[in-house]
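Peer 1: Mind looking over this structure? Questions follow.
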Amino acid sequence: MIILRLFLFTVLILSFSGCGSVLLKPGARGDVLKDTIILSSSDLRKPDLWPMTDWALEALSTAADAEFLDDLEKDVVLHLNMARTDPARYTRDFIEPRIEYFSGVMYREVEGLSLITREGVGAVEECVSDMEDTDPMKPLLPSADISLAALDHALDLSLTGEMGHIGSDGSSLSIRLERYGQWLISIGEVISYGPITGREIVIGLLIDDGVPDRGHRTVVLNPNFTLVGIAVEEHPAYGNICVIDFAVDFISAP
């Protein structure tokens with residue numbers, strides 16, 4: 001039997017905004033905040049286990065023509081947009097059904113594959129309730145410049161094998177973004193380690209198992225964000241690493 005552990009924990013909390021996961025501008029500056037480690041075996045799942053029928057995929061695939069993103073990164077944008085534009089339906093289709101695969105803290109979809117969570121089904125049920133009460137919001141648009149900032153950090157973490165939101169050069173999210181332009185109002189960042197599909201990356205951040213304040217979910221479902229940048233690289237310890245950066249607005253450098 002393959003046993004994988006699901007770890008979710010806080011690496012750094014520096015916030016003046018109250019939610020622990022968003023950096024505001026102007027005003028006091030704090031950095032964004034948490035990492036999630038999700039070890040998954042999505043490639044072993046039956047391809048029809050999570051059907052996407054009747055979703056307006058063309059309208060939600062805002063990254064379809066984004067040449068600066070690869071297929072997995074585009075898949076992350078798609079699932080972010082599905083979750084944000086119809087939180088209740090996304091919950092019904094992809095999150096609530098997971099409850100039946102739990103036994104205590106053990107999550108199992110496929111014979112021979114198990115995931116050990118920290119909270120068990122409770123975190124899923126809490127996520128379902130929260131998302132059912134979340135109002136729909138507009139889909140995110142991918143940004144090449146914000147994706148470059150995300151790529152800088154993903155490559156750095158890939159090379160160093162480290163975790164967290166501070167780069168090996170001491171850079172914060174705001175510094176990385178300011179290499180490519182000016183961010184406006186607020187920004188946020190979440191990092192996922194392990195999952196290999198957009199669905200599992202986004203669902204892991206939404207459920208936020210083991211993170212008391214659900215800071216990842218707060219960032220992903222922040223209705224003020226309009227732009228997103230994504231970069232997926234390999235991590236020496238955890239497989240895939242996905243850095244997702246958000247902004248309310250961004251002015252590219254001349």
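Labels for the structure tokens follow display order: chains A, B, ..., residues from 1 in each chain, ligands from 1.
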Using DSSP on the backbone, list every residue of stretch 94-153 of chain A that comes out as alpha helix (DSSP H), and give them as a list in words.
Peer 2: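 Checking each residue of stretch 94-153 of chain A, the alpha helix (DSSP H) ones are Val121, Gly122, Ala123, Val124, Glu125, Glu126, Cys127, Val128, Ser129, Asp130, Met131, Glu132, Ala144, Asp145, Ile146, Ser147, Leu148, Ala149, Ala150, Leu151, Asp152 and His153 of chain A.
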Peer 1: Which one of A:Ile207, A:Leu69, A:Val190, A:Ile185 sits closest to A:Glu119 if you count only C-alpha atoms?
Peer 2: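 Between A:Ile207, A:Leu69, A:Val190, A:Ile185, the residue approaching A:Glu119 most closely is A:Ile207.
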Peer 1: Could you tell me how far atom CA of A:Ala144 lies from atom CA of A:Asn224, in Å and to one decimal?
Peer 2: 19.1 Å
Peer 1: Which residue is closest to A:Met131? Choose from A:Leu159, A:Ala83, A:Ile99, A:Val202 and count only C-alpha atoms.
Peer 2: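 The shortest atom-to-atom distance to A:Met131 comes from A:Ala83.
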Peer 1: Between atom CA of A:Trp183 and atom CA of A:Asp249, what is the spacing in Å?
Peer 2: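 Going from atom CA of A:Asp249 over to atom CA of A:Trp183, I get 6.0 Å.
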Peer 1: Excluding A:Asp152 and its own-chain neighbours fewer than 2 positions away, which residues fall within 12 Å of it when counting only C-alpha atoms? Please give them as an NGL selection string.
Peer 2: :A and (145-150 or 154-159 or 165-169 or 171-173 or 175-177 or 179-180 or 229-233 or 242-245)
Peer 1: If you keep C-alpha atoms, can you produce a file of those selected residues as a tab-separated table (two decimals), in the first residue's frame?
Peer 2:
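Writing done, so here's part33.tsv:
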chain	number	residue	atom	x	y	z
A	145	ASP	CA	4.45	39.92	-15.56
A	146	ILE	CA	2.93	38.48	-12.39
A	147	SER	CA	3.76	35.00	-13.70
A	148	LEU	CA	7.39	36.09	-14.10
A	149	ALA	CA	7.46	37.05	-10.42
A	150	ALA	CA	5.93	33.69	-9.52
A	154	ALA	CA	9.39	28.85	-7.99
A	155	LEU	CA	12.83	28.51	-9.60
A	156	ASP	CA	14.50	29.74	-6.43
A	157	LEU	CA	12.69	27.20	-4.24
A	158	SER	CA	13.37	24.50	-6.82
A	159	LEU	CA	17.10	25.19	-6.69
A	165	HIS	CA	7.62	33.16	0.76
A	166	ILE	CA	11.03	34.74	1.27
A	167	GLY	CA	13.53	34.10	-1.52
A	168	SER	CA	17.14	33.08	-1.00
A	169	ASP	CA	18.07	36.67	-1.89
A	171	SER	CA	13.06	39.02	-1.62
A	172	SER	CA	9.42	39.19	-0.56
A	173	LEU	CA	6.42	38.90	-2.85
A	175	ILE	CA	9.86	42.93	-4.21
A	176	ARG	CA	9.54	40.17	-6.79
A	177	LEU	CA	6.49	41.82	-8.34
A	179	ARG	CA	10.90	43.83	-10.64
A	180	TYR	CA	8.32	43.79	-13.42
A	229	GLY	CA	0.36	34.71	-12.14
A	230	ILE	CA	1.37	31.07	-11.89
A	231	ALA	CA	4.57	29.06	-12.11
A	232	VAL	CA	5.07	25.32	-11.61
A	233	GLU	CA	8.54	23.87	-11.15
A	242	CYS	CA	3.18	25.72	-7.69
A	243	VAL	CA	3.52	29.40	-6.83
A	244	ILE	CA	0.34	31.42	-7.36
A	245	ASP	CA	0.47	35.22	-7.09
Peer 1: Just the residues within 12 Å of stretch 57-67 of chain A, please, counting only C-alpha atoms, with nothing from its chain fewer than 4 positions along; format it as a ChimeraX atom specification.
Peer 2: /A:52-53,71-86,137-145,147,226-230
Peer 1: Which value, in Å to one decimal, gives the distance between atom CA of A:Ile201 and atom CA of A:Gly170?
Peer 2: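 Interatomic distance here is 26.1 Å.
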Peer 1: Taking only C-alpha atoms into account, which of A:Phe94, A:Phe246, A:Phe102, A:Phe68 comes nearest A:His216?
Peer 2: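 Among the listed residues, the smallest separation from A:His216 belongs to A:Phe246.
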